[in-house]
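Novice: Structure provided below as structure tokens; questions to follow.
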Amino acid sequence: MIICKTPREIEIMREAGRIVALTHQELVKHIQPGITTKEIDSIAEKFIKQHDAYPSFLGYNGFKGSVCASVNEELVHGIPGKRVLKDGDIITLDIGAEYNGYHGDSAWTYAVGKIDDETKQLLDVTEESLYKGLEEAKPGARLSNISHAVQTYVESNGFSIVREYVGHGIGQSLHEDPQIPNYGPPNKGPRLRPGMVLAIEPMVNAGSRYVRTLADNWTVVTVDGKMCAHFEHTIAITDTGFEILTRL
């Protein structure tokens, strides 16, 4: 069941999203060669709590970090630890914050130092595919129009869409209906309505689309070991289009 939020609920989620965006802004200052993913995680946890919120991922189904920190071939759910960032790496930081019982959720892939041109194109295409999908987020439109727009843009640029992980509704629960794939035909699925709050999150591989989960039962990596990227915003459907809740 898709839960439409009241204006009051969206107001709370707007603040949750603002805290997520502020946390991204803070962590960017620290992304540089030599820092560990655990150090980044500690900064995020402290920052979120200082803003009267709680890290959505901390303890979620047993997850041991406050953010998901996924490096290079790691697509999602990277557990913060001793891994040291190096020049030329990329890191995806997936950040959630719970504020007054509601969640905000946003992921971004960042360059560490100087990255090569192919990797930069991967990041640029993945980020742009998010906004291509958001262009289809309007009341009365079918949900799969978002999915189709993401897939079309990504594949037209020679990259691959991951099938196993999808976007989702969000609210009092971190993951709610509906599921939002990043692929598929247009004009399918439920119609978008004002009050729906959705996390749209393209996940894109430089090589093949296939991924696997490591022995830690969390970290998802590309099967071919090539780079991957992940960009995500939480949005609310409005009477005229959409509002990004996880952007300052």
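Just remember, in the structure tokens the first chain shown is A, the second B, etc., residues are 1-based per chain, and ligands are 1-based in the order shown.
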Find the residues near Phe63 of chain A: any atom within 12 Å, counting only C-alpha atoms, skip ones fewer than 2 places away on the same chain, and give them as a JSON list (two decimals) with all heavy atoms, in the first residue's frame.

Specialist:
```
[["chain", "number", "residue", "atom", "x", "y", "z"],
["A", 55, "PRO", "N", 20.80, 8.40, 12.86],
["A", 55, "PRO", "CA", 21.15, 7.76, 11.59],
["A", 55, "PRO", "C", 20.19, 6.60, 11.26],
["A", 55, "PRO", "O", 20.10, 5.64, 12.03],
["A", 55, "PRO", "CB", 22.58, 7.25, 11.83],
["A", 55, "PRO", "CG", 23.10, 8.09, 12.96],
["A", 55, "PRO", "CD", 21.92, 8.36, 13.82],
["A", 56, "SER", "N", 19.51, 6.71, 10.15],
["A", 56, "SER", "CA", 18.50, 5.71, 9.79],
["A", 56, "SER", "C", 19.07, 4.31, 9.65],
["A", 56, "SER", "O", 18.38, 3.31, 9.90],
["A", 56, "SER", "CB", 17.82, 6.10, 8.48],
["A", 56, "SER", "OG", 17.15, 7.33, 8.59],
["A", 57, "PHE", "N", 20.34, 4.21, 9.21],
["A", 57, "PHE", "CA", 20.91, 2.90, 8.90],
["A", 57, "PHE", "C", 21.55, 2.24, 10.11],
["A", 57, "PHE", "O", 21.81, 1.03, 10.08],
["A", 57, "PHE", "CB", 21.96, 3.03, 7.79],
["A", 57, "PHE", "CG", 21.45, 3.68, 6.53],
["A", 57, "PHE", "CD1", 22.30, 4.41, 5.72],
["A", 57, "PHE", "CD2", 20.12, 3.58, 6.16],
["A", 57, "PHE", "CE1", 21.83, 5.01, 4.56],
["A", 57, "PHE", "CE2", 19.64, 4.19, 5.01],
["A", 57, "PHE", "CZ", 20.50, 4.90, 4.20],
["A", 58, "LEU", "N", 21.84, 2.99, 11.17],
["A", 58, "LEU", "CA", 22.56, 2.44, 12.31],
["A", 58, "LEU", "C", 21.68, 1.41, 13.03],
["A", 58, "LEU", "O", 20.65, 1.74, 13.59],
["A", 58, "LEU", "CB", 22.95, 3.56, 13.27],
["A", 58, "LEU", "CG", 23.81, 3.15, 14.48],
["A", 58, "LEU", "CD1", 25.10, 2.48, 14.03],
["A", 58, "LEU", "CD2", 24.11, 4.36, 15.36],
["A", 59, "GLY", "N", 22.10, 0.15, 12.95],
["A", 59, "GLY", "CA", 21.33, -0.94, 13.56],
["A", 59, "GLY", "C", 20.22, -1.48, 12.69],
["A", 59, "GLY", "O", 19.54, -2.44, 13.08],
["A", 60, "TYR", "N", 20.01, -0.91, 11.48],
["A", 60, "TYR", "CA", 18.93, -1.36, 10.60],
["A", 60, "TYR", "C", 19.22, -2.79, 10.14],
["A", 60, "TYR", "O", 20.22, -3.04, 9.45],
["A", 60, "TYR", "CB", 18.82, -0.42, 9.40],
["A", 60, "TYR", "CG", 17.70, -0.74, 8.45],
["A", 60, "TYR", "CD1", 16.40, -0.35, 8.72],
["A", 60, "TYR", "CD2", 17.94, -1.44, 7.26],
["A", 60, "TYR", "CE1", 15.36, -0.64, 7.85],
["A", 60, "TYR", "CE2", 16.91, -1.73, 6.38],
["A", 60, "TYR", "CZ", 15.63, -1.33, 6.69],
["A", 60, "TYR", "OH", 14.60, -1.63, 5.81],
["A", 61, "ASN", "N", 18.39, -3.73, 10.56],
["A", 61, "ASN", "CA", 18.61, -5.15, 10.27],
["A", 61, "ASN", "C", 20.01, -5.60, 10.66],
["A", 61, "ASN", "O", 20.59, -6.50, 10.02],
["A", 61, "ASN", "CB", 18.35, -5.44, 8.78],
["A", 61, "ASN", "CG", 16.89, -5.34, 8.42],
["A", 61, "ASN", "OD1", 16.01, -5.47, 9.27],
["A", 61, "ASN", "ND2", 16.61, -5.09, 7.15],
["A", 65, "GLY", "N", 26.94, 0.42, 10.68],
["A", 65, "GLY", "CA", 27.41, 1.78, 10.40],
["A", 65, "GLY", "C", 26.27, 2.78, 10.42],
["A", 65, "GLY", "O", 25.09, 2.41, 10.39],
["A", 66, "SER", "N", 26.64, 4.04, 10.48],
["A", 66, "SER", "CA", 25.65, 5.11, 10.39],
["A", 66, "SER", "C", 25.36, 5.50, 8.96],
["A", 66, "SER", "O", 24.31, 6.05, 8.65],
["A", 66, "SER", "CB", 26.13, 6.33, 11.18],
["A", 66, "SER", "OG", 26.16, 6.04, 12.56],
["A", 67, "VAL", "N", 26.33, 5.26, 8.06],
["A", 67, "VAL", "CA", 26.13, 5.47, 6.63],
["A", 67, "VAL", "C", 26.63, 4.23, 5.90],
["A", 67, "VAL", "O", 27.43, 3.45, 6.44],
["A", 67, "VAL", "CB", 26.89, 6.72, 6.11],
["A", 67, "VAL", "CG1", 26.42, 7.97, 6.84],
["A", 67, "VAL", "CG2", 28.40, 6.55, 6.23],
["A", 68, "CYS", "N", 26.16, 4.04, 4.69],
["A", 68, "CYS", "CA", 26.74, 3.03, 3.81],
["A", 68, "CYS", "C", 27.87, 3.69, 3.04],
["A", 68, "CYS", "O", 27.65, 4.73, 2.38],
["A", 68, "CYS", "CB", 25.70, 2.47, 2.85],
["A", 68, "CYS", "SG", 24.34, 1.60, 3.66],
["A", 69, "ALA", "N", 29.07, 3.12, 3.14],
["A", 69, "ALA", "CA", 30.25, 3.69, 2.49],
["A", 69, "ALA", "C", 30.81, 2.66, 1.51],
["A", 69, "ALA", "O", 31.47, 1.70, 1.93],
["A", 69, "ALA", "CB", 31.29, 4.07, 3.53],
["A", 77, "HIS", "N", 25.64, -0.67, 0.30],
["A", 77, "HIS", "CA", 25.67, -1.35, 1.60],
["A", 77, "HIS", "C", 27.09, -1.63, 2.10],
["A", 77, "HIS", "O", 27.30, -2.55, 2.90],
["A", 77, "HIS", "CB", 24.87, -2.66, 1.57],
["A", 77, "HIS", "CG", 23.47, -2.49, 1.07],
["A", 77, "HIS", "ND1", 22.72, -3.53, 0.57],
["A", 77, "HIS", "CD2", 22.67, -1.39, 1.01],
["A", 77, "HIS", "CE1", 21.53, -3.08, 0.20],
["A", 77, "HIS", "NE2", 21.47, -1.78, 0.46],
["A", 78, "GLY", "N", 28.06, -0.83, 1.66],
["A", 78, "GLY", "CA", 29.42, -0.99, 2.17],
["A", 78, "GLY", "C", 29.48, -0.66, 3.66],
["A", 78, "GLY", "O", 29.00, 0.39, 4.10],
["A", 79, "ILE", "N", 30.06, -1.56, 4.45],
["A", 79, "ILE", "CA", 30.17, -1.36, 5.89],
["A", 79, "ILE", "C", 31.41, -0.51, 6.18],
["A", 79, "ILE", "O", 32.52, -0.86, 5.77],
["A", 79, "ILE", "CB", 30.29, -2.71, 6.62],
["A", 79, "ILE", "CG1", 29.08, -3.60, 6.32],
["A", 79, "ILE", "CG2", 30.43, -2.49, 8.13],
["A", 79, "ILE", "CD1", 29.23, -5.02, 6.85],
["A", 80, "PRO", "N", 31.25, 0.62, 6.87],
["A", 80, "PRO", "CA", 32.42, 1.44, 7.20],
["A", 80, "PRO", "C", 33.44, 0.65, 8.01],
["A", 80, "PRO", "O", 33.07, -0.12, 8.91],
["A", 80, "PRO", "CB", 31.82, 2.59, 8.01],
["A", 80, "PRO", "CG", 30.39, 2.64, 7.61],
["A", 80, "PRO", "CD", 30.00, 1.22, 7.35],
["A", 216, "ASP", "N", 30.22, -10.79, 4.02],
["A", 216, "ASP", "CA", 29.70, -10.06, 5.18],
["A", 216, "ASP", "C", 28.18, -9.93, 5.14],
["A", 216, "ASP", "O", 27.56, -9.38, 6.07],
["A", 216, "ASP", "CB", 30.36, -8.68, 5.30],
["A", 216, "ASP", "CG", 30.08, -7.76, 4.11],
["A", 216, "ASP", "OD1", 29.13, -8.01, 3.35],
["A", 216, "ASP", "OD2", 30.83, -6.77, 3.95],
["A", 217, "ASN", "N", 27.56, -10.42, 4.04],
["A", 217, "ASN", "CA", 26.10, -10.41, 3.84],
["A", 217, "ASN", "C", 25.53, -9.00, 3.67],
["A", 217, "ASN", "O", 24.31, -8.82, 3.74],
["A", 217, "ASN", "CB", 25.38, -11.14, 4.98],
["A", 217, "ASN", "CG", 25.63, -12.63, 4.98],
["A", 217, "ASN", "OD1", 25.70, -13.25, 3.92],
["A", 217, "ASN", "ND2", 25.82, -13.21, 6.15],
["A", 218, "TRP", "N", 26.38, -8.03, 3.43],
["A", 218, "TRP", "CA", 25.93, -6.66, 3.20],
["A", 218, "TRP", "C", 26.49, -6.07, 1.91],
["A", 218, "TRP", "O", 25.73, -5.66, 1.04],
["A", 218, "TRP", "CB", 26.34, -5.76, 4.39],
["A", 218, "TRP", "CG", 25.43, -5.86, 5.57],
["A", 218, "TRP", "CD1", 25.69, -6.48, 6.77],
["A", 218, "TRP", "CD2", 24.09, -5.34, 5.68],
["A", 218, "TRP", "NE1", 24.61, -6.37, 7.61],
["A", 218, "TRP", "CE2", 23.62, -5.68, 6.97],
["A", 218, "TRP", "CE3", 23.26, -4.62, 4.82],
["A", 218, "TRP", "CZ2", 22.35, -5.32, 7.42],
["A", 218, "TRP", "CZ3", 21.99, -4.26, 5.26],
["A", 218, "TRP", "CH2", 21.55, -4.62, 6.54],
["A", 219, "THR", "N", 27.81, -6.05, 1.80],
["A", 219, "THR", "CA", 28.45, -5.30, 0.72],
["A", 219, "THR", "C", 28.15, -5.93, -0.63],
["A", 219, "THR", "O", 28.44, -7.11, -0.87],
["A", 219, "THR", "CB", 29.97, -5.25, 0.93],
["A", 219, "THR", "OG1", 30.25, -4.80, 2.27],
["A", 219, "THR", "CG2", 30.61, -4.30, -0.07]]
```

Novice: Env of segment 211-214 of chain A: 9 Å cut, atoms = only C-alpha atoms, seq-sep filter 6 positions within chain, self excluded. Answer as a list of chain:residue names.

Specialist: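 Here the answer would be A:Leu75, A:Val162, A:Glu164, A:Val220, A:Val221, A:Thr222, A:Val223, A:Asp224.
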
Novice: Those same residues - all heavy atoms - I'd like them written as a tab-separated table (two decimals), in the first residue's frame.

Specialist:
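Saved as selection-v2.tsv:
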```tsv
chain	number	residue	atom	x	y	z
A	75	LEU	N	28.89	-1.40	-4.83
A	75	LEU	CA	27.73	-0.66	-5.31
A	75	LEU	C	26.94	-0.04	-4.16
A	75	LEU	O	26.68	1.17	-4.14
A	75	LEU	CB	26.81	-1.58	-6.12
A	75	LEU	CG	25.52	-0.93	-6.64
A	75	LEU	CD1	25.82	0.04	-7.77
A	75	LEU	CD2	24.52	-1.99	-7.09
A	162	VAL	N	21.67	-1.74	-12.85
A	162	VAL	CA	21.54	-2.85	-11.91
A	162	VAL	C	20.05	-3.14	-11.71
A	162	VAL	O	19.25	-2.22	-11.51
A	162	VAL	CB	22.21	-2.52	-10.57
A	162	VAL	CG1	21.93	-3.60	-9.53
A	162	VAL	CG2	23.71	-2.33	-10.78
A	164	GLU	N	18.86	-5.66	-9.42
A	164	GLU	CA	18.53	-6.30	-8.14
A	164	GLU	C	18.14	-5.30	-7.04
A	164	GLU	O	17.53	-5.70	-6.04
A	164	GLU	CB	19.72	-7.14	-7.65
A	164	GLU	CG	19.96	-8.38	-8.47
A	164	GLU	CD	20.74	-8.14	-9.76
A	164	GLU	OE1	21.09	-6.97	-10.06
A	164	GLU	OE2	20.99	-9.12	-10.47
A	220	VAL	N	27.59	-5.13	-1.54
A	220	VAL	CA	27.26	-5.58	-2.89
A	220	VAL	C	28.31	-5.03	-3.85
A	220	VAL	O	28.58	-3.82	-3.86
A	220	VAL	CB	25.86	-5.10	-3.30
A	220	VAL	CG1	25.55	-5.49	-4.75
A	220	VAL	CG2	24.81	-5.67	-2.35
A	221	VAL	N	28.91	-5.91	-4.65
A	221	VAL	CA	29.97	-5.51	-5.57
A	221	VAL	C	29.62	-5.93	-7.00
A	221	VAL	O	28.81	-6.83	-7.21
A	221	VAL	CB	31.33	-6.13	-5.17
A	221	VAL	CG1	31.74	-5.69	-3.77
A	221	VAL	CG2	31.29	-7.65	-5.27
A	222	THR	N	30.26	-5.28	-7.96
A	222	THR	CA	30.10	-5.70	-9.35
A	222	THR	C	30.81	-7.02	-9.56
A	222	THR	O	31.90	-7.25	-9.03
A	222	THR	CB	30.67	-4.64	-10.31
A	222	THR	OG1	32.06	-4.41	-10.00
A	222	THR	CG2	29.92	-3.32	-10.18
A	223	VAL	N	30.20	-7.91	-10.34
A	223	VAL	CA	30.79	-9.22	-10.59
A	223	VAL	C	32.11	-9.10	-11.35
A	223	VAL	O	33.06	-9.84	-11.08
A	223	VAL	CB	29.78	-10.11	-11.36
A	223	VAL	CG1	30.46	-11.35	-11.92
A	223	VAL	CG2	28.64	-10.52	-10.44
A	224	ASP	N	32.19	-8.13	-12.26
A	224	ASP	CA	33.41	-7.99	-13.07
A	224	ASP	C	34.46	-7.09	-12.42
A	224	ASP	O	35.53	-6.85	-12.99
A	224	ASP	CB	33.08	-7.50	-14.48
A	224	ASP	CG	32.33	-6.17	-14.49
A	224	ASP	OD1	32.33	-5.46	-13.45
A	224	ASP	OD2	31.73	-5.83	-15.54
```

Novice: Give me, as a tab-separated table, each residue of segment 188-231 of chain A that comes within 10 Å of segment 103-114 of chain A, together with its shortest interatomic pair and the distance in Å at one decimal, counting only C-alpha atoms, with rows ordered by chain and rising residue number.

Specialist:
```
residue	atom	partner	partner_atom	distance
A:Val197	CA	A:Gly104	CA	9.8
A:Leu198	CA	A:Asp105	CA	9.5
A:Ala199	CA	A:Asp105	CA	6.9
A:Ile200	CA	A:Ser106	CA	8.8
A:Glu201	CA	A:Ala107	CA	7.6
A:Pro202	CA	A:Ala107	CA	9.7
A:Cys228	CA	A:Thr109	CA	9.0
A:Ala229	CA	A:Thr109	CA	5.9
A:His230	CA	A:Thr109	CA	5.9
A:Phe231	CA	A:Trp108	CA	4.7
```

Novice: Looking at A:Ser208, A:Thr119, A:Asn182, A:Ser144, which one is nearest to Ser160 of chain A, with distances taken over only C-alpha atoms?

Specialist: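 So, comparing all the options, the nearest one is A:Ser208.
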
Novice: Just give me the gap between atom CA of Ile90 of chain A and atom CA of Ile235 of chain A in Å, one decimal is fine.

Specialist: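 Calculated distance between atom CA of Ile90 of chain A and atom CA of Ile235 of chain A is 25.1 Å.
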
Novice: With distances taken over only C-alpha atoms, which residue among A:Leu22, A:Leu123, A:Met1, A:Leu192 lies nearest Asn72 of chain A?

Specialist: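 Once distances to Asn72 of chain A are computed over only C-alpha atoms, the minimum belongs to A:Leu123.
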
Novice: Give me, as a list in words, all polymer residues having an atom no more than 8 Å from Gln179 of chain A, counting only C-alpha atoms and skipping those fewer than 3 positions away in the same chain.

Specialist: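 Residues near the query, excluding close chain neighbours: Val166, Gly167, His168, Gly169 and Glu176 of chain A.
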
Novice: Give me, as an MDAnalysis selection string, all polymer residues having an atom no more than 9 Å from Leu143 of chain A, counting only C-alpha atoms and skipping those fewer than 2 positions away in the same chain.

Specialist: chainID A and resid 136:137 141 145:147 178 180 186:192

Novice: Among segment 149-246 of chain A, which ones does DSSP assign to strand (DSSP E) (computed from the backbone)? Answer as JSON, numbers by chain.

Specialist: {"A": [160, 161, 167, 168, 169, 176, 177, 178, 179, 180, 197, 198, 199, 200, 203, 204, 205, 211, 212, 213, 220, 221, 222, 228, 229, 230, 233, 234, 235, 236, 237, 242, 243, 244]}

Novice: Find the spatial neighbours of Gln151 of chain A, counting only C-alpha atoms, within a cut-off of 8 Å - ignore same-chain residues fewer than 2 positions away - and output them as a list of chain:residue names.

Specialist: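 Result of the neighbour search: A:Ser129, A:Ser147, A:His148, A:Ala149, A:Tyr153, A:Val154, A:Glu155, A:Ile161, A:Asn182, A:Tyr183, A:Gly184.
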
Novice: Residues of segment 89-141 of chain A that approach segment 36-40 of chain A to 12 Å or less, counting only C-alpha atoms: could you list each one with the shortest pair of atoms and its distance in Å to one decimal, rows by chain and increasing residue number, as a tab-separated table?

Specialist:
```
residue	atom	partner	partner_atom	distance
A:Ile90	CA	A:Thr37	CA	11.8
A:Ile91	CA	A:Thr37	CA	9.0
A:Thr92	CA	A:Thr37	CA	10.5
A:Leu93	CA	A:Ile40	CA	9.3
A:Asp94	CA	A:Ile40	CA	11.8
A:Ile95	CA	A:Ile40	CA	11.5
A:Val112	CA	A:Thr36	CA	11.9
```

Novice: I need the residue nearest Asp124 of chain A from this list: A:Leu85, A:Ile237, A:Ala206, A:Ala53. Use only C-alpha atoms for the distance.

Specialist: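 Using only C-alpha atoms, the shortest distance to Asp124 of chain A belongs to A:Ala206.
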